[in-house]
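Asks: The following file, structure_27.cif, comprises mmCIF, C-alpha atoms:
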data_my_file
#
loop_
_atom_site.label_atom_id
_atom_site.label_comp_id
_atom_site.auth_asym_id
_atom_site.auth_seq_id
_atom_site.Cartn_x
_atom_site.Cartn_y
_atom_site.Cartn_z
CA MET A 163 160.26 27.45 194.01
CA ILE A 164 158.96 23.86 194.07
CA ARG A 165 158.17 23.42 190.41
CA SER A 166 158.10 19.66 189.85
CA TYR A 167 154.43 19.28 190.83
CA PHE A 168 153.32 21.77 188.19
CA ILE A 169 155.78 20.48 185.59
CA ASN A 170 154.07 17.09 185.97
CA LEU A 171 150.67 18.70 185.46
CA GLU A 172 151.74 20.10 182.07
CA SER A 173 151.08 16.72 180.49
CA HIS A 174 148.30 15.60 182.84
CA ASN A 175 145.37 13.85 181.16
CA ALA A 176 142.66 16.46 180.61
CA GLN A 177 140.02 13.79 181.27
CA LEU A 178 141.21 13.18 184.83
CA PRO A 179 140.26 15.96 187.23
CA ILE A 180 142.54 16.52 190.22
CA GLU A 181 141.34 17.12 193.76
CA LEU A 182 141.30 20.90 194.32
CA ALA A 183 142.73 20.66 197.84
CA ALA A 184 145.76 18.77 196.52
CA VAL A 185 146.55 21.53 194.01
CA ILE A 186 146.00 24.33 196.53
CA LYS A 187 148.46 22.60 198.86
CA GLN A 188 151.13 22.95 196.16
CA LEU A 189 150.49 26.59 195.19
CA ALA A 190 153.54 28.80 195.54
CA PHE A 191 152.46 31.11 198.34
CA ASN A 192 155.30 33.58 199.00
CA PRO A 193 157.19 33.82 202.33
CA GLN A 194 154.38 36.04 203.65
CA GLY A 195 151.89 33.29 202.77
CA LEU A 196 150.41 35.25 199.87
CA ILE A 197 149.77 34.64 196.17
CA PRO A 198 148.89 37.31 193.58
CA VAL A 199 145.36 37.28 192.17
CA ILE A 200 144.34 38.92 188.91
CA THR A 201 140.69 39.89 188.89
CA GLN A 202 139.07 40.21 185.48
CA ASP A 203 135.56 41.31 184.62
CA ALA A 204 133.79 38.20 183.29
CA SER A 205 131.82 40.12 180.69
CA SER A 206 133.99 43.06 179.55
CA LYS A 207 137.26 41.11 180.10
CA ALA A 208 138.80 44.26 181.57
CA VAL A 209 141.48 43.56 184.15
CA LEU A 210 140.01 45.18 187.24
CA MET A 211 142.78 44.85 189.81
CA LEU A 212 145.63 42.83 191.20
CA ALA A 213 145.38 41.81 194.85
CA TRP A 214 146.66 39.06 197.14
CA MET A 215 145.18 36.05 198.87
CA ASN A 216 146.42 33.84 201.67
CA LYS A 217 145.06 30.31 202.07
CA ASP A 218 142.16 31.49 204.23
CA ALA A 219 141.15 34.15 201.70
CA LEU A 220 141.28 31.55 198.94
CA SER A 221 139.17 29.08 200.93
CA GLN A 222 136.64 31.73 201.85
CA THR A 223 136.39 32.93 198.24
CA LEU A 224 135.71 29.40 197.02
CA ALA A 225 133.19 28.71 199.79
CA THR A 226 131.24 31.95 199.49
CA LYS A 227 131.90 32.91 195.83
CA ARG A 228 132.49 36.44 197.10
CA MET A 229 135.99 37.64 196.30
CA THR A 230 137.96 37.79 199.53
CA TYR A 231 141.55 39.02 199.59
CA TRP A 232 144.23 39.57 202.18
CA SER A 233 144.70 43.27 202.85
CA ARG A 234 148.43 43.87 203.18
CA SER A 235 147.86 47.39 204.52
CA ARG A 236 145.33 46.37 207.17
CA ASN A 237 146.71 42.85 207.76
CA GLU A 238 143.31 41.23 207.69
CA LEU A 239 140.90 39.36 205.45
CA TRP A 240 139.19 41.78 203.10
CA VAL A 241 135.81 40.84 201.67
CA LYS A 242 135.74 43.05 198.60
CA GLY A 243 132.85 45.50 198.75
CA GLU A 244 131.97 44.79 202.37
CA THR A 245 131.91 48.50 203.16
CA SER A 246 131.45 50.03 199.67
CA GLY A 247 128.86 47.56 198.40
CA HIS A 248 131.04 47.07 195.32
CA THR A 249 131.20 43.32 195.63
CA GLN A 250 132.71 40.84 193.21
CA SER A 251 131.06 37.46 192.74
CA LEU A 252 133.31 34.70 191.53
CA VAL A 253 132.50 33.26 188.10
CA SER A 254 135.61 31.19 187.43
CA MET A 255 139.08 30.61 188.82
CA SER A 256 142.28 29.30 187.23
CA PHE A 257 145.83 28.71 188.39
CA ASP A 258 148.81 29.31 186.12
CA CYS A 259 151.39 26.87 184.79
CA ASP A 260 153.78 27.20 187.70
CA GLY A 261 151.19 27.61 190.43
CA ASP A 262 152.24 31.06 191.52
CA ALA A 263 149.34 33.18 190.26
CA ILE A 264 145.54 32.98 190.27
CA LEU A 265 143.16 34.41 187.69
CA CYS A 266 139.56 35.05 188.73
CA GLN A 267 136.74 36.12 186.49
CA VAL A 268 134.06 37.99 188.41
CA ASN A 269 130.80 39.83 188.14
CA GLN A 270 131.61 43.26 189.50
CA VAL A 271 128.98 45.38 191.23
CA GLY A 272 129.77 49.08 190.77
CA ALA A 273 133.40 50.19 190.54
CA ALA A 274 136.31 47.88 191.25
CA CYS A 275 138.62 50.73 192.26
CA HIS A 276 138.33 52.52 195.59
CA THR A 277 138.57 55.80 193.63
CA GLY A 278 135.24 55.05 191.93
CA ARG A 279 136.87 54.20 188.62
CA THR A 280 135.83 51.05 186.78
CA ASP A 281 139.23 49.46 187.35
CA CYS A 282 142.47 50.23 189.15
CA PHE A 283 144.70 50.58 186.08
CA TYR A 284 144.01 54.22 185.30
CA LEU A 285 147.60 55.57 185.18
CA ASN A 286 148.16 55.20 181.46
CA VAL A 287 151.65 55.39 180.03
CA ASP A 288 152.10 57.49 176.89
CA ILE A 289 155.07 55.51 175.65
CA GLU A 290 156.15 57.86 172.85
CA ASN A 291 156.06 61.00 174.96
CA LYS A 292 157.37 59.35 178.15
CA GLN A 293 154.44 60.63 180.15
CA VAL A 294 151.64 59.26 182.29
CA ASN A 295 148.03 60.32 181.84
CA VAL A 296 145.63 59.95 184.76
CA SER A 297 142.25 58.79 183.48
CA THR A 298 139.15 60.03 185.14
CA HIS A 299 137.33 57.15 183.52
CA THR A 300 138.92 53.96 182.30
CA THR A 301 138.80 53.01 178.67
CA CYS A 302 137.80 49.37 179.11
CA MET B 123 154.17 51.00 201.39
CA ILE B 124 154.64 54.65 200.47
CA ARG B 125 151.12 55.47 199.37
CA SER B 126 150.90 59.26 199.56
CA TYR B 127 152.27 59.82 196.04
CA PHE B 128 149.57 57.67 194.47
CA ILE B 129 146.85 58.99 196.77
CA ASN B 130 147.67 62.46 195.40
CA LEU B 131 147.38 61.16 191.84
CA GLU B 132 143.81 59.97 192.46
CA SER B 133 142.58 63.53 191.94
CA HIS B 134 145.28 64.67 189.52
CA ASN B 135 144.06 66.79 186.61
CA ALA B 136 143.59 64.46 183.64
CA GLN B 137 144.74 67.27 181.32
CA LEU B 138 148.20 67.47 182.89
CA PRO B 139 150.45 64.56 181.96
CA ILE B 140 153.13 63.55 184.45
CA GLU B 141 156.72 62.74 183.56
CA LEU B 142 156.99 58.94 183.24
CA ALA B 143 160.34 58.76 185.02
CA ALA B 144 158.87 60.50 188.06
CA VAL B 145 156.07 57.93 188.34
CA ILE B 146 158.41 54.96 187.81
CA LYS B 147 160.60 56.26 190.63
CA GLN B 148 157.61 55.95 192.98
CA LEU B 149 156.43 52.48 191.93
CA ALA B 150 156.27 49.99 194.79
CA PHE B 151 158.98 47.54 193.77
CA ASN B 152 159.14 44.81 196.43
CA PRO B 153 162.21 44.13 198.61
CA GLN B 154 163.62 42.04 195.75
CA GLY B 155 163.26 45.05 193.45
CA LEU B 156 160.37 43.47 191.52
CA ILE B 157 156.83 44.46 190.59
CA PRO B 158 154.13 42.11 189.23
CA VAL B 159 153.11 42.54 185.60
CA ILE B 160 149.84 41.29 184.13
CA THR B 161 150.13 40.62 180.42
CA GLN B 162 146.89 40.73 178.45
CA ASP B 163 146.32 40.00 174.79
CA ALA B 164 145.43 43.34 173.19
CA SER B 165 142.91 41.83 170.81
CA SER B 166 141.31 38.85 172.59
CA LYS B 167 141.65 40.47 176.06
CA ALA B 168 142.72 37.08 177.44
CA VAL B 169 145.04 37.33 180.41
CA LEU B 170 148.13 35.58 179.11
CA MET B 171 150.43 35.44 182.12
CA LEU B 172 151.67 37.09 185.28
CA ALA B 173 155.39 37.80 185.48
CA TRP B 174 157.75 40.22 187.21
CA MET B 175 159.88 43.19 186.17
CA ASN B 176 162.69 45.03 187.87
CA LYS B 177 163.51 48.61 186.88
CA ASP B 178 165.87 47.48 184.11
CA ALA B 179 163.25 45.15 182.62
CA LEU B 180 160.70 47.96 182.71
CA SER B 181 163.09 50.42 181.04
CA GLN B 182 164.06 47.89 178.38
CA THR B 183 160.41 47.04 177.68
CA LEU B 184 159.56 50.71 177.21
CA ALA B 185 162.62 51.35 175.05
CA THR B 186 162.25 48.31 172.78
CA LYS B 187 158.48 47.64 173.00
CA ARG B 188 159.39 43.97 173.39
CA MET B 189 158.15 42.57 176.68
CA THR B 190 161.13 41.97 178.93
CA TYR B 191 160.72 40.47 182.38
CA TRP B 192 162.96 39.48 185.25
CA SER B 193 163.27 35.70 185.44
CA ARG B 194 163.16 34.77 189.12
CA SER B 195 164.27 31.22 188.36
CA ARG B 196 167.25 32.20 186.20
CA ASN B 197 167.98 35.52 187.95
CA GLU B 198 168.38 37.41 184.70
CA LEU B 199 166.58 39.66 182.28
CA TRP B 200 164.22 37.61 180.14
CA VAL B 201 163.25 38.93 176.72
CA LYS B 202 160.02 37.02 176.16
CA GLY B 203 160.26 34.81 173.10
CA GLU B 204 164.00 35.27 172.65
CA THR B 205 164.49 31.51 172.32
CA SER B 206 160.96 30.35 171.39
CA GLY B 207 160.17 33.12 168.93
CA HIS B 208 156.93 33.70 170.83
CA THR B 209 157.52 37.39 171.35
CA GLN B 210 155.17 39.94 172.84
CA SER B 211 155.15 43.46 171.45
CA LEU B 212 153.94 46.13 173.83
CA VAL B 213 150.73 47.92 172.82
CA SER B 214 149.91 49.80 176.02
CA MET B 215 150.98 49.98 179.64
CA SER B 216 149.16 51.16 182.76
CA PHE B 217 150.00 51.35 186.46
CA ASP B 218 147.40 50.72 189.15
CA CYS B 219 146.01 53.06 191.78
CA ASP B 220 148.60 52.28 194.41
CA GLY B 221 151.55 51.84 192.06
CA ASP B 222 152.24 48.22 192.90
CA ALA B 223 151.14 46.47 189.71
CA ILE B 224 151.55 46.96 185.97
CA LEU B 225 149.11 45.97 183.23
CA CYS B 226 150.49 45.53 179.70
CA GLN B 227 148.46 44.90 176.60
CA VAL B 228 150.50 43.10 173.96
CA ASN B 229 150.42 41.56 170.54
CA GLN B 230 151.40 37.95 171.17
CA VAL B 231 153.22 35.91 168.54
CA GLY B 232 152.39 32.22 168.96
CA ALA B 233 151.70 30.84 172.42
CA ALA B 234 152.28 32.85 175.59
CA CYS B 235 152.81 29.74 177.73
CA HIS B 236 155.99 27.69 177.60
CA THR B 237 153.78 24.58 177.34
CA GLY B 238 152.47 25.75 173.97
CA ARG B 239 149.10 26.75 175.33
CA THR B 240 147.65 30.12 174.40
CA ASP B 241 147.98 31.38 177.97
CA CYS B 242 149.38 30.20 181.29
CA PHE B 243 146.07 29.94 183.18
CA TYR B 244 145.08 26.44 182.10
CA LEU B 245 144.48 24.82 185.51
CA ASN B 246 140.77 25.48 185.74
CA VAL B 247 138.95 25.14 189.04
CA ASP B 248 135.63 23.31 189.01
CA ILE B 249 134.25 25.14 192.01
CA GLU B 250 131.17 22.99 192.58
CA ASN B 251 133.01 19.67 192.43
CA LYS B 252 136.17 20.92 194.18
CA GLN B 253 138.36 19.72 191.35
CA VAL B 254 140.90 21.11 188.91
CA ASN B 255 140.74 20.40 185.19
CA VAL B 256 143.91 20.67 183.14
CA SER B 257 143.08 22.22 179.77
CA THR B 258 144.97 21.10 176.74
CA HIS B 259 143.81 24.26 175.03
CA THR B 260 142.66 27.40 176.77
CA THR B 261 139.15 28.64 176.34
CA CYS B 262 139.94 32.30 175.72
#
Any chance you could put this one into structure tokens?
Replies:
Amino acid sequence: MIRSYFINLESHNAQLPIELAAVIKQLAFNPQGLIPVITQDASSKAVLMLAWMNKDALSQTLATKRMTYWSRSRNELWVKGETSGHTQSLVSMSFDCDGDAILCQVNQVGAACHTGRTDCFYLNVDIENKQVNVSTHTTC
Amino acid sequence: MIRSYFINLESHNAQLPIELAAVIKQLAFNPQGLIPVITQDASSKAVLMLAWMNKDALSQTLATKRMTYWSRSRNELWVKGETSGHTQSLVSMSFDCDGDAILCQVNQVGAACHTGRTDCFYLNVDIENKQVNVSTHTTC
């Protein structure tokens, strides 16, 4: 991974904004051209899902403020909620310290998960009993 | 991706726990044997970081309740905070609907980010002005 760009940013002057396009150019997209995106509900702070973006999905999300991912199963841009109506509007976006993950806070319409659950993380590990409980409704 | 196992779980009876080992066996580790892990502060709900686990890191995390990742830069198991003291103790763990991401809630000692910041997502996009602001302190 090319890390030097982000190592330099660690001590960058907080008063000097950087051109967004310059940072995006340095993001660590994987060999498939994708970067993981954590989507968090802006009000409840629940983590709704983890999905992937390519550069086009990222550009489209920023331009439209509608969360747009890359569907790895369908191999196409995926405007979240386009068929279900369960859209996500972008509230804020951040990159992490080594430029290989994106965090987006969103306003979620309806359920984030295709199963109708509030979020996708409904397979809850019972650590003591070494079991998994399937929630019908999430606890967030 | 082998999806049928997790598609079946969508309608699994919430009263019937599943053996943890059986679910872990079906998780969608990538060709490098890794799965992305979102680490969230159990009390503030801030997303602290995104990192990766292999099966050994996952087993060790569950056994010790100390967050243990796979360091892709050092190619070794990475017990978070082993050198810095900034450990993360596991509070809860969930898998997502298609078994290709893990969400962990933790109690974080000190800073999650190696830069000393509370969390790793400190490169904040100013969407309107197409700029990135580098936070000295995170806002969560």
Asks: So which residues get picked by the PyMOL selection byres ((chain B) within 8 of (chain A)) here, written as a ChimeraX atom specification?
Replies: /B:123,131-132,134-143,145,160,167-168,171-172,184,195,214-219,223-225,235,237,242-247,249,252-258
Asks: Run the PyMOL selection byres ((chain A and resi 237-245) around 9) against the file shown and list the residues it catches, as an MDAnalysis selection string.
Replies: chainID A and resid 215:216 218:219 223 228:236 246:250 271 274
Asks: Rounded to one decimal place, report the CA of Ser211 (chain B)-CA of Thr280 (chain A) distance in Å.
Replies: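 Here the two named atoms are 25.8 Å from each other.
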Asks: Can you work out the spacing between CA of Ala233 (chain B) and CA of Ile157 (chain B) in Å, to one decimal?
Replies: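 So the answer is 23.3 Å.
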Asks: If you measure from CA of Leu189 (chain A) to CA of Gly155 (chain B), what distance in Å do you get, rounded to one decimal?
Replies: 22.5 Å
Asks: Around all the atoms of region 196-204 of chain A listed in the file, draw an axis-aligned box and extend it by 8 Å on each of the six sides; I want its centre and edge lengths in Å to one decimal, as AutoDock Vina command-line options.
Replies:
--center_x 142.1 --center_y 38.0 --center_z 191.6 --size_x 32.6 --size_y 22.7 --size_z 32.6
Asks: Output region 232-243 of chain B as a CSV table (one decimal), in the coordinates of the input, making sure all heavy atoms are there.
Replies:
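Result file follows (result_7.csv):
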chain,number,residue,atom,x,y,z
B,232,GLY,N,152.4,33.6,168.5
B,232,GLY,CA,152.4,32.2,169.0
B,232,GLY,C,151.8,32.1,170.3
B,232,GLY,O,150.9,32.9,170.7
B,233,ALA,N,152.3,31.1,171.1
B,233,ALA,CA,151.7,30.8,172.4
B,233,ALA,C,152.4,31.6,173.5
B,233,ALA,O,153.6,31.8,173.5
B,233,ALA,CB,151.8,29.3,172.7
B,234,ALA,N,151.6,32.1,174.5
B,234,ALA,CA,152.3,32.8,175.6
B,234,ALA,C,152.9,31.9,176.6
B,234,ALA,O,153.9,32.2,177.2
B,234,ALA,CB,151.3,33.7,176.3
B,235,CYS,N,152.3,30.7,176.7
B,235,CYS,CA,152.8,29.7,177.7
B,235,CYS,C,153.9,28.8,177.2
B,235,CYS,O,153.9,28.4,176.0
B,235,CYS,CB,151.6,28.9,178.2
B,235,CYS,SG,152.1,27.8,179.6
B,236,HIS,N,154.9,28.5,178.0
B,236,HIS,CA,156.0,27.7,177.6
B,236,HIS,C,155.5,26.3,177.2
B,236,HIS,O,156.3,25.5,176.6
B,236,HIS,CB,157.1,27.6,178.7
B,236,HIS,CG,156.7,26.8,179.9
B,236,HIS,ND1,155.8,27.2,180.8
B,236,HIS,CD2,157.0,25.5,180.2
B,236,HIS,CE1,155.6,26.2,181.7
B,236,HIS,NE2,156.3,25.2,181.4
B,237,THR,N,154.3,25.9,177.7
B,237,THR,CA,153.8,24.6,177.3
B,237,THR,C,153.1,24.5,175.9
B,237,THR,O,152.7,23.5,175.5
B,237,THR,CB,152.7,24.2,178.4
B,237,THR,OG1,151.6,25.1,178.2
B,237,THR,CG2,153.2,24.2,179.8
B,238,GLY,N,153.1,25.7,175.3
B,238,GLY,CA,152.5,25.8,174.0
B,238,GLY,C,151.0,26.1,174.0
B,238,GLY,O,150.4,26.3,173.0
B,239,ARG,N,150.5,26.3,175.2
B,239,ARG,CA,149.1,26.8,175.3
B,239,ARG,C,149.0,28.3,175.1
B,239,ARG,O,150.0,29.0,175.4
B,239,ARG,CB,148.6,26.4,176.7
B,239,ARG,CG,148.4,24.9,176.9
B,239,ARG,CD,148.1,24.6,178.4
B,239,ARG,NE,147.8,23.2,178.7
B,239,ARG,CZ,148.7,22.3,179.0
B,239,ARG,NH1,150.0,22.6,179.1
B,239,ARG,NH2,148.3,21.0,179.3
B,240,THR,N,147.9,28.7,174.7
B,240,THR,CA,147.6,30.1,174.4
B,240,THR,C,148.0,31.0,175.6
B,240,THR,O,148.7,32.1,175.4
B,240,THR,CB,146.2,30.4,174.1
B,240,THR,OG1,145.7,29.4,173.2
B,240,THR,CG2,146.0,31.8,173.5
B,241,ASP,N,147.6,30.6,176.8
B,241,ASP,CA,148.0,31.4,178.0
B,241,ASP,C,148.3,30.4,179.1
B,241,ASP,O,148.2,29.2,179.0
B,241,ASP,CB,146.8,32.3,178.4
B,241,ASP,CG,145.6,31.6,178.8
B,241,ASP,OD1,145.6,31.0,179.9
B,241,ASP,OD2,144.6,31.6,178.1
B,242,CYS,N,148.8,31.0,180.2
B,242,CYS,CA,149.4,30.2,181.3
B,242,CYS,C,148.3,29.7,182.3
B,242,CYS,O,148.6,28.9,183.1
B,242,CYS,CB,150.4,31.0,182.1
B,242,CYS,SG,151.9,31.4,181.1
B,243,PHE,N,147.1,30.2,182.2
B,243,PHE,CA,146.1,29.9,183.2
B,243,PHE,C,145.2,28.8,182.7
B,243,PHE,O,144.0,28.9,182.4
B,243,PHE,CB,145.2,31.2,183.5
B,243,PHE,CG,146.1,32.2,184.2
B,243,PHE,CD1,146.7,33.2,183.5
B,243,PHE,CD2,146.2,32.2,185.6
B,243,PHE,CE1,147.5,34.2,184.2
B,243,PHE,CE2,147.0,33.1,186.2
B,243,PHE,CZ,147.6,34.1,185.5
